[in-house]
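Engineer: File upload-v6.cif follows (mmCIF, C-alpha atoms and all ligand atoms):
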data_structure
loop_
_atom_site.group_PDB
_atom_site.id
_atom_site.type_symbol
_atom_site.label_atom_id
_atom_site.label_comp_id
_atom_site.auth_asym_id
_atom_site.auth_seq_id
_atom_site.Cartn_x
_atom_site.Cartn_y
_atom_site.Cartn_z
ATOM 1 C CA MET A 1 12.430 14.446 -6.019
ATOM 2 C CA VAL A 2 10.172 13.675 -3.103
ATOM 3 C CA SER A 3 11.472 11.011 -0.777
ATOM 4 C CA HIS A 4 9.711 8.649 1.575
ATOM 5 C CA TYR A 5 10.913 8.209 5.122
ATOM 6 C CA SER A 6 10.637 4.541 6.083
ATOM 7 C CA VAL A 7 8.918 4.344 9.440
ATOM 8 C CA LEU A 8 10.400 2.268 12.322
ATOM 9 C CA LYS A 9 13.152 1.018 10.026
ATOM 10 C CA ASN A 10 15.613 -0.080 12.720
ATOM 11 C CA GLU A 11 12.883 -1.794 14.689
ATOM 12 C CA VAL A 12 11.779 -3.705 11.583
ATOM 13 C CA LEU A 13 15.371 -4.808 10.906
ATOM 14 C CA ASN A 14 15.839 -5.906 14.496
ATOM 15 C CA PHE A 15 12.720 -8.063 14.400
ATOM 16 C CA PHE A 16 13.801 -9.708 11.149
ATOM 17 C CA GLU A 17 16.975 -10.692 12.995
ATOM 18 C CA LYS A 18 14.777 -12.987 15.043
ATOM 19 C CA ILE A 19 13.916 -15.131 12.013
ATOM 20 C CA GLU A 20 14.625 -18.776 12.847
ATOM 21 C CA THR A 21 14.413 -20.643 9.573
ATOM 22 C CA ASN A 22 16.808 -21.268 6.710
ATOM 23 C CA ASN A 23 14.246 -19.984 4.260
ATOM 24 C CA LYS A 24 15.666 -16.911 2.462
ATOM 25 C CA TYR A 25 12.576 -15.105 1.195
ATOM 26 C CA ILE A 26 11.025 -11.984 2.658
ATOM 27 C CA VAL A 27 7.879 -10.433 1.169
ATOM 28 C CA ASP A 28 7.670 -6.653 1.299
ATOM 29 C CA ALA A 29 3.923 -6.468 0.734
ATOM 30 C CA THR A 30 3.911 -2.658 0.546
ATOM 31 C CA LEU A 31 7.054 -1.878 -1.396
ATOM 32 C CA GLY A 32 6.325 1.865 -1.839
ATOM 33 C CA GLY A 33 9.565 3.772 -2.288
ATOM 34 C CA GLY A 34 11.530 0.620 -1.480
ATOM 35 C CA GLY A 35 13.016 2.086 1.701
ATOM 36 C CA HIS A 36 12.393 -0.874 3.972
ATOM 37 C CA SER A 37 13.407 -3.303 1.229
ATOM 38 C CA LYS A 38 16.678 -1.484 0.644
ATOM 39 C CA ALA A 39 17.519 -1.606 4.346
ATOM 40 C CA ILE A 40 16.677 -5.328 4.492
ATOM 41 C CA LEU A 41 18.757 -6.136 1.407
ATOM 42 C CA GLU A 42 21.709 -4.214 2.839
ATOM 43 C CA LYS A 43 21.520 -5.777 6.264
ATOM 44 C CA PHE A 44 20.831 -9.391 5.268
ATOM 45 C CA PRO A 45 23.034 -10.345 2.291
ATOM 46 C CA ASP A 46 21.445 -13.809 1.860
ATOM 47 C CA ILE A 47 17.864 -12.592 1.763
ATOM 48 C CA LYS A 48 15.805 -12.297 -1.413
ATOM 49 C CA ILE A 49 12.767 -10.033 -1.539
ATOM 50 C CA ILE A 50 9.428 -10.268 -3.264
ATOM 51 C CA GLY A 51 8.281 -6.647 -3.455
ATOM 52 C CA ILE A 52 4.554 -6.111 -3.952
ATOM 53 C CA ASP A 53 2.680 -2.887 -4.651
ATOM 54 C CA LYS A 54 -0.465 -2.039 -6.550
ATOM 55 C CA ASP A 55 0.864 1.334 -7.649
ATOM 56 C CA ASP A 56 2.861 1.344 -10.902
ATOM 57 C CA PHE A 57 4.614 4.546 -9.935
ATOM 58 C CA ALA A 58 5.886 2.970 -6.706
ATOM 59 C CA LEU A 59 7.060 -0.159 -8.514
ATOM 60 C CA ASN A 60 8.939 1.808 -11.155
ATOM 61 C CA TYR A 61 10.490 4.090 -8.586
ATOM 62 C CA ALA A 62 11.589 1.169 -6.393
ATOM 63 C CA LYS A 63 12.952 -0.712 -9.424
ATOM 64 C CA GLU A 64 15.236 2.198 -10.207
ATOM 65 C CA ARG A 65 16.217 2.756 -6.583
ATOM 66 C CA LEU A 66 17.009 -0.915 -6.003
ATOM 67 C CA LYS A 67 18.698 -1.631 -9.327
ATOM 68 C CA ASP A 68 21.944 -2.597 -7.588
ATOM 69 C CA PHE A 69 20.036 -5.446 -5.934
ATOM 70 C CA LYS A 70 18.158 -6.566 -9.035
ATOM 71 C CA ASP A 71 19.271 -10.192 -8.658
ATOM 72 C CA ARG A 72 17.799 -10.347 -5.174
ATOM 73 C CA ILE A 73 14.402 -8.726 -5.638
ATOM 74 C CA ILE A 74 11.338 -9.602 -7.690
ATOM 75 C CA PHE A 75 8.807 -6.831 -8.316
ATOM 76 C CA VAL A 76 5.132 -7.728 -8.516
ATOM 77 C CA LYS A 77 2.134 -5.545 -9.236
ATOM 78 C CA SER A 78 -0.725 -6.892 -7.165
ATOM 79 C CA PRO A 79 -3.057 -6.044 -4.309
ATOM 80 C CA PHE A 80 -1.496 -7.680 -1.270
ATOM 81 C CA LYS A 81 -4.655 -9.574 -0.457
ATOM 82 C CA ASN A 82 -3.547 -11.879 -3.294
ATOM 83 C CA ILE A 83 -0.191 -12.552 -1.634
ATOM 84 C CA ASP A 84 -0.859 -16.311 -1.810
ATOM 85 C CA ASP A 85 -1.391 -16.191 -5.580
ATOM 86 C CA VAL A 86 1.704 -14.036 -6.019
ATOM 87 C CA LEU A 87 3.828 -16.658 -4.265
ATOM 88 C CA LYS A 88 2.134 -19.549 -6.053
ATOM 89 C CA GLU A 89 2.902 -17.938 -9.392
ATOM 90 C CA LEU A 90 6.562 -17.682 -8.351
ATOM 91 C CA LYS A 91 6.495 -21.298 -7.148
ATOM 92 C CA ILE A 92 7.422 -20.214 -3.629
ATOM 93 C CA GLU A 93 5.589 -22.185 -0.994
ATOM 94 C CA LYS A 94 6.669 -20.494 2.239
ATOM 95 C CA VAL A 95 8.683 -17.451 3.259
ATOM 96 C CA ALA A 96 10.824 -16.361 6.198
ATOM 97 C CA GLY A 97 9.353 -12.913 6.656
ATOM 98 C CA ILE A 98 6.505 -10.648 5.596
ATOM 99 C CA LEU A 99 6.301 -6.890 6.110
ATOM 100 C CA PHE A 100 3.254 -4.637 5.789
ATOM 101 C CA ASP A 101 3.557 -0.844 6.025
ATOM 102 C CA PHE A 102 -0.023 0.234 5.367
ATOM 103 C CA GLY A 103 -1.418 3.362 3.852
ATOM 104 C CA VAL A 104 -0.068 5.765 1.288
ATOM 105 C CA SER A 105 3.499 6.863 0.745
ATOM 106 C CA ASN A 106 4.818 10.385 0.598
ATOM 107 C CA PHE A 107 5.070 9.977 -3.153
ATOM 108 C CA GLN A 108 1.406 9.259 -3.469
ATOM 109 C CA LEU A 109 0.553 12.239 -1.275
ATOM 110 C CA LYS A 110 2.600 14.494 -3.534
ATOM 111 C CA LEU A 111 1.610 12.963 -6.878
ATOM 112 C CA SER A 112 -1.533 15.063 -7.311
ATOM 113 C CA ARG A 113 -3.766 12.035 -6.884
ATOM 114 C CA GLY A 114 -6.130 13.910 -4.621
ATOM 115 C CA PHE A 115 -5.066 12.232 -1.356
ATOM 116 C CA SER A 116 -4.428 15.570 0.305
ATOM 117 C CA PHE A 117 -6.765 18.494 0.805
ATOM 118 C CA GLN A 118 -3.867 20.912 1.252
ATOM 119 C CA ARG A 119 -3.765 21.530 -2.500
ATOM 120 C CA GLU A 120 -6.387 21.883 -5.205
ATOM 121 C CA GLU A 121 -6.443 18.497 -6.949
ATOM 122 C CA ALA A 122 -8.928 16.327 -8.810
ATOM 123 C CA LEU A 123 -10.740 13.842 -6.556
ATOM 124 C CA ASP A 124 -8.958 10.592 -7.326
ATOM 125 C CA MET A 125 -7.293 8.795 -4.333
ATOM 126 C CA ARG A 126 -6.530 5.586 -6.234
ATOM 127 C CA MET A 127 -3.319 3.773 -5.310
ATOM 128 C CA ASP A 128 -3.768 1.635 -8.424
ATOM 129 C CA THR A 129 -4.566 4.131 -11.169
ATOM 130 C CA SER A 130 -5.766 1.345 -13.458
ATOM 131 C CA GLN A 131 -8.791 0.577 -11.274
ATOM 132 C CA ASP A 132 -12.180 2.132 -12.069
ATOM 133 C CA LEU A 133 -13.445 3.279 -8.683
ATOM 134 C CA ASP A 134 -12.113 6.681 -7.644
ATOM 135 C CA ALA A 135 -13.005 9.350 -5.107
ATOM 136 C CA TYR A 136 -14.933 11.370 -7.701
ATOM 137 C CA TYR A 137 -17.318 8.455 -8.172
ATOM 138 C CA VAL A 138 -17.738 7.873 -4.446
ATOM 139 C CA VAL A 139 -18.429 11.542 -3.743
ATOM 140 C CA ASN A 140 -20.689 12.194 -6.734
ATOM 141 C CA TYR A 141 -22.541 8.910 -7.222
ATOM 142 C CA TYR A 142 -22.799 7.029 -3.915
ATOM 143 C CA GLN A 143 -26.157 7.255 -2.207
ATOM 144 C CA GLU A 144 -26.558 9.321 0.937
ATOM 145 C CA TRP A 145 -26.742 6.271 3.220
ATOM 146 C CA GLN A 146 -23.607 4.807 1.668
ATOM 147 C CA LEU A 147 -21.666 8.018 2.186
ATOM 148 C CA GLU A 148 -22.890 8.310 5.743
ATOM 149 C CA LYS A 149 -21.888 4.701 6.474
ATOM 150 C CA ILE A 150 -18.395 5.141 5.053
ATOM 151 C CA LEU A 151 -17.822 8.384 6.922
ATOM 152 C CA ARG A 152 -19.015 6.838 10.165
ATOM 153 C CA GLU A 153 -17.239 3.490 9.856
ATOM 154 C CA TYR A 154 -14.025 4.379 8.048
ATOM 155 C CA GLY A 155 -13.671 7.971 9.217
ATOM 156 C CA GLU A 156 -15.175 7.607 12.707
ATOM 157 C CA GLU A 157 -16.662 10.979 11.796
ATOM 158 C CA LYS A 158 -19.265 12.183 14.250
ATOM 159 C CA PHE A 159 -20.835 14.569 11.722
ATOM 160 C CA ALA A 160 -21.196 11.772 9.148
ATOM 161 C CA LYS A 161 -24.927 12.263 8.647
ATOM 162 C CA LYS A 162 -24.699 16.031 8.164
ATOM 163 C CA ILE A 163 -21.701 15.805 5.852
ATOM 164 C CA ALA A 164 -23.369 13.130 3.685
ATOM 165 C CA LYS A 165 -26.526 15.236 3.449
ATOM 166 C CA GLU A 166 -24.577 18.327 2.451
ATOM 167 C CA ILE A 167 -22.561 16.431 -0.189
ATOM 168 C CA ILE A 168 -25.826 15.271 -1.792
ATOM 169 C CA LYS A 169 -27.230 18.805 -1.727
ATOM 170 C CA ARG A 170 -24.126 20.354 -3.234
ATOM 171 C CA ARG A 171 -23.652 17.797 -5.980
ATOM 172 C CA GLN A 172 -27.238 18.341 -7.157
ATOM 173 C CA GLN A 173 -26.221 21.895 -8.038
ATOM 174 C CA LYS A 174 -22.847 20.984 -9.522
ATOM 175 C CA LYS A 175 -20.573 17.919 -9.394
ATOM 176 C CA ILE A 176 -17.904 18.079 -6.682
ATOM 177 C CA GLU A 177 -14.645 17.981 -8.621
ATOM 178 C CA THR A 178 -11.745 18.843 -6.352
ATOM 179 C CA THR A 179 -10.186 18.126 -2.982
ATOM 180 C CA LYS A 180 -10.584 21.751 -1.912
ATOM 181 C CA GLU A 181 -14.296 21.793 -2.761
ATOM 182 C CA LEU A 182 -14.846 18.670 -0.669
ATOM 183 C CA ALA A 183 -12.700 19.958 2.196
ATOM 184 C CA GLU A 184 -14.614 23.216 2.224
ATOM 185 C CA ILE A 185 -17.978 21.434 2.422
ATOM 186 C CA VAL A 186 -16.798 19.456 5.458
ATOM 187 C CA TYR A 187 -15.200 22.490 7.080
ATOM 188 C CA ASN A 188 -18.461 24.407 6.898
ATOM 189 C CA ILE A 189 -20.439 21.553 8.427
ATOM 190 C CA TYR A 190 -18.224 21.576 11.505
ATOM 191 C CA PRO A 191 -19.420 23.935 14.237
ATOM 192 C CA PRO A 192 -17.102 27.008 14.271
ATOM 193 C CA LYS A 193 -15.693 26.170 17.684
ATOM 194 C CA LEU A 194 -14.524 22.739 16.458
ATOM 195 C CA ARG A 195 -12.936 23.927 13.220
ATOM 196 C CA HIS A 196 -9.492 24.579 14.608
ATOM 197 C CA GLY A 197 -8.712 21.389 16.527
ATOM 198 C CA ARG A 198 -5.605 19.229 16.344
ATOM 199 C CA ILE A 199 -6.595 17.906 12.934
ATOM 200 C CA HIS A 200 -8.372 19.645 10.071
ATOM 201 C CA PRO A 201 -12.117 18.860 9.982
ATOM 202 C CA ALA A 202 -11.724 17.208 6.544
ATOM 203 C CA THR A 203 -9.099 14.692 7.737
ATOM 204 C CA ARG A 204 -11.580 12.003 8.722
ATOM 205 C CA THR A 205 -13.681 12.401 5.589
ATOM 206 C CA PHE A 206 -10.601 12.049 3.396
ATOM 207 C CA GLN A 207 -9.440 9.000 5.356
ATOM 208 C CA ALA A 208 -12.870 7.395 4.939
ATOM 209 C CA ILE A 209 -13.081 7.963 1.194
ATOM 210 C CA ARG A 210 -9.509 6.779 0.658
ATOM 211 C CA ILE A 211 -10.238 3.557 2.562
ATOM 212 C CA GLU A 212 -13.351 2.971 0.444
ATOM 213 C CA VAL A 213 -11.639 3.707 -2.881
ATOM 214 C CA ASN A 214 -8.721 1.363 -2.156
ATOM 215 C CA ASN A 215 -10.676 -1.289 -0.268
ATOM 216 C CA GLU A 216 -8.058 -0.859 2.422
ATOM 217 C CA LEU A 217 -9.566 -2.672 5.387
ATOM 218 C CA GLU A 218 -10.592 -5.793 3.500
ATOM 219 C CA GLU A 219 -7.138 -5.882 1.922
ATOM 220 C CA ILE A 220 -5.554 -5.828 5.378
ATOM 221 C CA GLU A 221 -7.870 -8.422 6.832
ATOM 222 C CA VAL A 222 -7.377 -10.890 3.993
ATOM 223 C CA GLY A 223 -3.687 -10.131 3.388
ATOM 224 C CA VAL A 224 -2.549 -10.429 7.002
ATOM 225 C CA LYS A 225 -4.628 -13.554 7.635
ATOM 226 C CA LYS A 226 -3.183 -15.314 4.587
ATOM 227 C CA SER A 227 0.331 -14.212 5.554
ATOM 228 C CA ILE A 228 0.323 -16.218 8.747
ATOM 229 C CA ASP A 229 -0.120 -19.421 6.747
ATOM 230 C CA LEU A 230 2.561 -18.457 4.243
ATOM 231 C CA LEU A 231 5.279 -18.194 6.877
ATOM 232 C CA ASP A 232 7.690 -20.989 7.534
ATOM 233 C CA ARG A 233 8.048 -22.078 11.163
ATOM 234 C CA GLY A 234 10.279 -19.476 12.835
ATOM 235 C CA GLY A 235 9.259 -16.859 10.263
ATOM 236 C CA ILE A 236 8.438 -13.293 11.260
ATOM 237 C CA LEU A 237 5.378 -11.206 10.316
ATOM 238 C CA GLN A 238 5.452 -7.441 10.854
ATOM 239 C CA ALA A 239 2.631 -4.938 10.328
ATOM 240 C CA ILE A 240 2.838 -1.159 10.682
ATOM 241 C CA SER A 241 -0.535 0.600 11.079
ATOM 242 C CA PHE A 242 -1.324 4.288 10.997
ATOM 243 C CA HIS A 243 -4.786 4.463 12.476
ATOM 244 C CA SER A 244 -6.883 2.525 14.935
ATOM 245 C CA LEU A 245 -9.007 0.742 12.312
ATOM 246 C CA GLU A 246 -5.927 -0.827 10.745
ATOM 247 C CA ASP A 247 -4.311 -1.647 14.072
ATOM 248 C CA ARG A 248 -7.476 -3.248 15.420
ATOM 249 C CA ILE A 249 -7.653 -5.682 12.484
ATOM 250 C CA VAL A 250 -4.031 -6.778 12.982
ATOM 251 C CA LYS A 251 -4.527 -7.105 16.721
ATOM 252 C CA ILE A 252 -7.601 -9.336 16.298
ATOM 253 C CA ILE A 253 -5.965 -11.537 13.646
ATOM 254 C CA PHE A 254 -2.916 -12.020 15.880
ATOM 255 C CA LYS A 255 -5.131 -12.842 18.856
ATOM 256 C CA GLU A 256 -7.035 -15.500 16.928
ATOM 257 C CA ALA A 257 -3.883 -17.023 15.416
ATOM 258 C CA LYS A 258 -2.291 -17.116 18.853
ATOM 259 C CA LYS A 259 -5.306 -18.986 20.207
ATOM 260 C CA LEU A 260 -4.850 -21.534 17.410
ATOM 261 C CA LYS A 261 -1.180 -21.819 18.424
ATOM 262 C CA LYS A 262 -0.032 -20.684 14.981
ATOM 263 C CA ILE A 263 1.991 -17.723 16.230
ATOM 264 C CA GLU A 264 3.721 -16.237 19.199
ATOM 265 C CA VAL A 265 3.090 -12.483 19.485
ATOM 266 C CA LEU A 266 6.408 -10.685 20.007
ATOM 267 C CA THR A 267 4.891 -7.276 20.777
ATOM 268 C CA LYS A 268 2.661 -7.336 23.850
ATOM 269 C CA LYS A 269 1.991 -3.682 23.145
ATOM 270 C CA PRO A 270 2.572 -2.229 19.702
ATOM 271 C CA ILE A 271 5.959 -0.601 19.128
ATOM 272 C CA THR A 272 5.825 3.138 18.428
ATOM 273 C CA PRO A 273 8.510 5.452 16.997
ATOM 274 C CA SER A 274 11.086 7.086 19.264
ATOM 275 C CA LYS A 275 10.967 10.807 20.033
ATOM 276 C CA GLU A 276 13.914 11.291 17.659
ATOM 277 C CA GLU A 277 12.066 9.588 14.820
ATOM 278 C CA ILE A 278 8.932 11.644 15.420
ATOM 279 C CA ASN A 279 11.039 14.826 15.436
ATOM 280 C CA GLU A 280 12.635 13.859 12.158
ATOM 281 C CA ASN A 281 9.428 12.645 10.529
ATOM 282 C CA PRO A 282 6.314 13.961 12.329
ATOM 283 C CA PRO A 283 3.784 11.828 10.375
ATOM 284 C CA SER A 284 5.399 8.741 11.957
ATOM 285 C CA ARG A 285 3.840 9.691 15.313
ATOM 286 C CA SER A 286 0.749 7.585 14.636
ATOM 287 C CA ALA A 287 2.664 4.461 13.559
ATOM 288 C CA LYS A 288 2.212 1.195 15.470
ATOM 289 C CA LEU A 289 4.195 -1.947 14.769
ATOM 290 C CA ARG A 290 2.924 -5.404 15.713
ATOM 291 C CA VAL A 291 5.106 -8.462 15.220
ATOM 292 C CA ALA A 292 4.447 -12.204 15.363
ATOM 293 C CA LYS A 293 6.572 -15.315 14.959
ATOM 294 C CA ARG A 294 5.169 -18.428 13.252
ATOM 295 C CA ILE A 295 5.423 -21.460 15.529
HETATM 296 C C1 LIG B 1 3.499 3.545 3.359
HETATM 297 S S1 LIG B 1 3.903 3.026 1.751
HETATM 298 C C2 LIG B 1 5.235 1.914 1.966
HETATM 299 C C3 LIG B 1 6.572 2.556 2.061
HETATM 300 C C4 LIG B 1 7.723 1.581 2.084
HETATM 301 N N1 LIG B 1 7.662 0.696 3.219
HETATM 302 C C5 LIG B 1 9.064 2.305 2.076
HETATM 303 O O1 LIG B 1 9.829 2.180 3.033
HETATM 304 O O2 LIG B 1 9.345 2.983 1.094
HETATM 305 C C6 LIG B 1 2.601 1.949 1.347
HETATM 306 C C7 LIG B 1 2.672 1.388 -0.068
HETATM 307 O O3 LIG B 1 1.830 0.249 -0.103
HETATM 308 C C8 LIG B 1 1.033 0.252 -1.232
HETATM 309 N N2 LIG B 1 -0.211 -0.426 -0.863
HETATM 310 C C9 LIG B 1 -1.101 -0.041 0.077
HETATM 311 N N3 LIG B 1 -2.104 -0.919 0.160
HETATM 312 C C10 LIG B 1 -1.832 -1.889 -0.749
HETATM 313 C C11 LIG B 1 -2.491 -3.089 -1.115
HETATM 314 N N4 LIG B 1 -3.630 -3.447 -0.550
HETATM 315 N N5 LIG B 1 -1.915 -3.865 -2.058
HETATM 316 C C12 LIG B 1 -0.742 -3.513 -2.637
HETATM 317 N N6 LIG B 1 -0.073 -2.386 -2.329
HETATM 318 C C13 LIG B 1 -0.614 -1.586 -1.393
HETATM 319 C C14 LIG B 1 0.840 1.701 -1.591
HETATM 320 O O4 LIG B 1 0.602 1.832 -2.969
HETATM 321 C C15 LIG B 1 2.171 2.328 -1.147
HETATM 322 O O5 LIG B 1 3.076 2.408 -2.198
#
Using structure tokens, write down the structure from this file.
Ligand SMILES: C[S@@+](CC[C@H](N)C(=O)[O-])C[C@H]1O[C@@H](n2cnc3c(N)ncnc32)[C@H](O)[C@@H]1O
Structural biologist:
Amino acid sequence: MVSHYSVLKNEVLNFFEKIETNNKYIVDATLGGGGHSKAILEKFPDIKIIGIDKDDFALNYAKERLKDFKDRIIFVKSPFKNIDDVLKELKIEKVAGILFDFGVSNFQLKLSRGFSFQREEALDMRMDTSQDLDAYYVVNYYQEWQLEKILREYGEEKFAKKIAKEIIKRRQQKKIETTKELAEIVYNIYPPKLRHGRIHPATRTFQAIRIEVNNELEEIEVGVKKSIDLLDRGGILQAISFHSLEDRIVKIIFKEAKKLKKIEVLTKKPITPSKEEINENPPSRSAKLRVAKRI
């Protein structure tokens, strides 16, 4: 069974120690494999968790993994931008802590959902497999300008225009069905001398399409903003980002909330994983944790 390494786990636990309210609820807004939740439940015996994910596989996996704690955790399938509705439904007004650990989990990468171009898989990329929009639709039906915009904005891809043009050309001959086909199109657009850099040429294109399919940036913007108002005074909000677009949104929301005197920012600079953690789990190298306390 694939496992998921929970990034910055000790740091997250240490920041939840700074909670200064008697409220006993923590929302894990990105439950995933339940790794952070498990650590929180073990460390804080009085805490109850509301675990949110939009992926049924993640929820089922976490339910099994956390069955020993079943009286202290409620599982909810929802996009986290509806965190306010989730709590309203549970008749919980405020909480003591909220954790976001954005992006996809190891499970999702290995579940043949087309998140990775390392293997030949159907173009899917949905976290919530019950939603309609998938990567196949984006790649085969979006207009050229839409593709170019996504690649530029969500992938920060400097060959956005050329890649979009080539996708349109190729799909007129035959629909683009798999991750490898898409990766190969991007690879060939890159000038030969740039094909063997630190990251594979298709990385940015895949990031961009994944963000579009899962509406990731809007989810973060709405979810994190709402979270600030759902915290009790003395409550702690933590957000782990994996790329600059995510981190920028959190940074701006914190800045604005600080100006309004709603929060104190506990991380002047974002916290990054230790050398040991990066050695153990190389993908953690891009993680950045920002933390705020509700005042
Ligand atoms: C990086 S994983 C979390 C791993 C988890 N912290 C752990 O330790 O096991 C991110 C999870 O959040 C979920 N997710 C991402 N964006 C979401 C959103 N907008 N709404 C709900 N769930 C989301 C994904 O489906 C995935 O399972």
Engineer: Could you tell me, as a ChimeraX atom specification, exactly which residues end up selected when the PyMOL selection byres (((not hetatm)) within 9 of (chain B and resi 1)) is applied to this structure?
Structural biologist: /A:3-7,9,28-39,52-59,62,77-83,99-108,126-128,214-220,223,240
Engineer: Since I can't run it myself right now, could you work out what the PyMOL selection byres (((chain A and resi 272) around 9) and not hetatm) selects here and report it as a count of residues only?
Structural biologist: 11
Engineer: Quick check, in Å to one decimal: how far apart do atom CA of A:Asn22 and atom CA of A:Asp232 lie?
Structural biologist: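 Interatomic distance here is 9.2 Å.
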Engineer: Rounded to one decimal in Å, what is the spacing between atom CA of A:Arg170 and atom CA of A:Leu182?
Structural biologist: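 So the answer is 9.8 Å.
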Engineer: Would you please work out which residue, of A:Ile236, A:Lys268, A:Ala208, A:Ile163, is nearest to A:Glu17 when using all atoms listed in the file?
Structural biologist: A:Ile236
Engineer: Evaluate the PyMOL selection byres (((chain A and resi 19) around 12) and not hetatm) and record the selected residues as an NGL selection string, following the chain and residue labels used in the document.
Structural biologist: :A and (12-18 or 20-26 or 44 or 47 or 95-98 or 231-238 or 266 or 291-295)
Engineer: Produce a file of the selected residues containing C-alpha atoms, as a compact mmCIF listing (two decimals), in the coordinates of the input.
Structural biologist:
# COMPACT_ATOMS: atom_id res chain seq x y z
CA VAL A 12 11.78 -3.70 11.58
CA LEU A 13 15.37 -4.81 10.91
CA ASN A 14 15.84 -5.91 14.50
CA PHE A 15 12.72 -8.06 14.40
CA PHE A 16 13.80 -9.71 11.15
CA GLU A 17 16.98 -10.69 13.00
CA LYS A 18 14.78 -12.99 15.04
CA GLU A 20 14.62 -18.78 12.85
CA THR A 21 14.41 -20.64 9.57
CA ASN A 22 16.81 -21.27 6.71
CA ASN A 23 14.25 -19.98 4.26
CA LYS A 24 15.67 -16.91 2.46
CA TYR A 25 12.58 -15.10 1.20
CA ILE A 26 11.02 -11.98 2.66
CA PHE A 44 20.83 -9.39 5.27
CA ILE A 47 17.86 -12.59 1.76
CA VAL A 95 8.68 -17.45 3.26
CA ALA A 96 10.82 -16.36 6.20
CA GLY A 97 9.35 -12.91 6.66
CA ILE A 98 6.50 -10.65 5.60
CA LEU A 231 5.28 -18.19 6.88
CA ASP A 232 7.69 -20.99 7.53
CA ARG A 233 8.05 -22.08 11.16
CA GLY A 234 10.28 -19.48 12.84
CA GLY A 235 9.26 -16.86 10.26
CA ILE A 236 8.44 -13.29 11.26
CA LEU A 237 5.38 -11.21 10.32
CA GLN A 238 5.45 -7.44 10.85
CA LEU A 266 6.41 -10.68 20.01
CA VAL A 291 5.11 -8.46 15.22
CA ALA A 292 4.45 -12.20 15.36
CA LYS A 293 6.57 -15.32 14.96
CA ARG A 294 5.17 -18.43 13.25
CA ILE A 295 5.42 -21.46 15.53
Engineer: Kindly give the distance, in Å, that separates atom CA of A:Leu123 and atom CA of A:Asn281, rounded to a single decimal.
Structural biologist: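 Value for the atom CA of A:Leu123-atom CA of A:Asn281 distance: 26.5 Å.
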Engineer: Identify which of the residues A:Ile263, A:Ala122, A:Ile40, A:Leu245 lies closest to A:Glu221, counting all atoms listed in the file when measuring atom-to-atom distances.
Structural biologist: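 The answer is A:Leu245, which sits nearest to A:Glu221.
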Engineer: Compile the contact shell of stretch 187-204 of chain A as a PyMOL selection string: residues with an atom at most 7 Å away, counting only C-alpha atoms, same-chain residues fewer than 4 positions apart removed.
Structural biologist: chain A and resi 155-157+162-163+183+208
Engineer: Need the neighbours of (-0.9, -13.6, 19.8): which residues are at most 10 Å away, counting all atoms listed in the file, as a PyMOL selection string?
Structural biologist: chain A and resi 251-268+290-293
Engineer: Could you check which of A:Trp145, A:Phe75, A:Phe117, A:Tyr61 is closest to A:Phe206, using only C-alpha atoms?
Structural biologist: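 Of A:Trp145, A:Phe75, A:Phe117, A:Tyr61, the one nearest A:Phe206, counting only C-alpha atoms, is A:Phe117.
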Engineer: Hey, which of A:Ile50, A:Glu153, A:Lys158, A:Glu212 ends up closest to A:Ile92? Count only C-alpha atoms.
Structural biologist: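 Closest to A:Ile92 of all the choices is A:Ile50.
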Engineer: Let me make sure I understand: among A:Gln143, A:His243, A:Val213, A:Lys180, which one has the smallest atom-to-atom distance to A:Thr129 if we use only C-alpha atoms?
Structural biologist: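 Among the listed residues, the smallest separation from A:Thr129 belongs to A:Val213.
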Engineer: Please provide the set of residues having any atom within 9 Å of A:Lys165, restricted to all atoms listed in the file, with same-chain residues fewer than 6 positions apart removed, written as a VMD selection string.
Structural biologist: chain A and resid 144 to 145 147 to 148
Engineer: Determine the nearest neighbour of A:Glu121 from the options A:Thr178, A:Asn140, A:Gln173, A:Gln207, counting all atoms listed in the file.
Structural biologist: A:Thr178
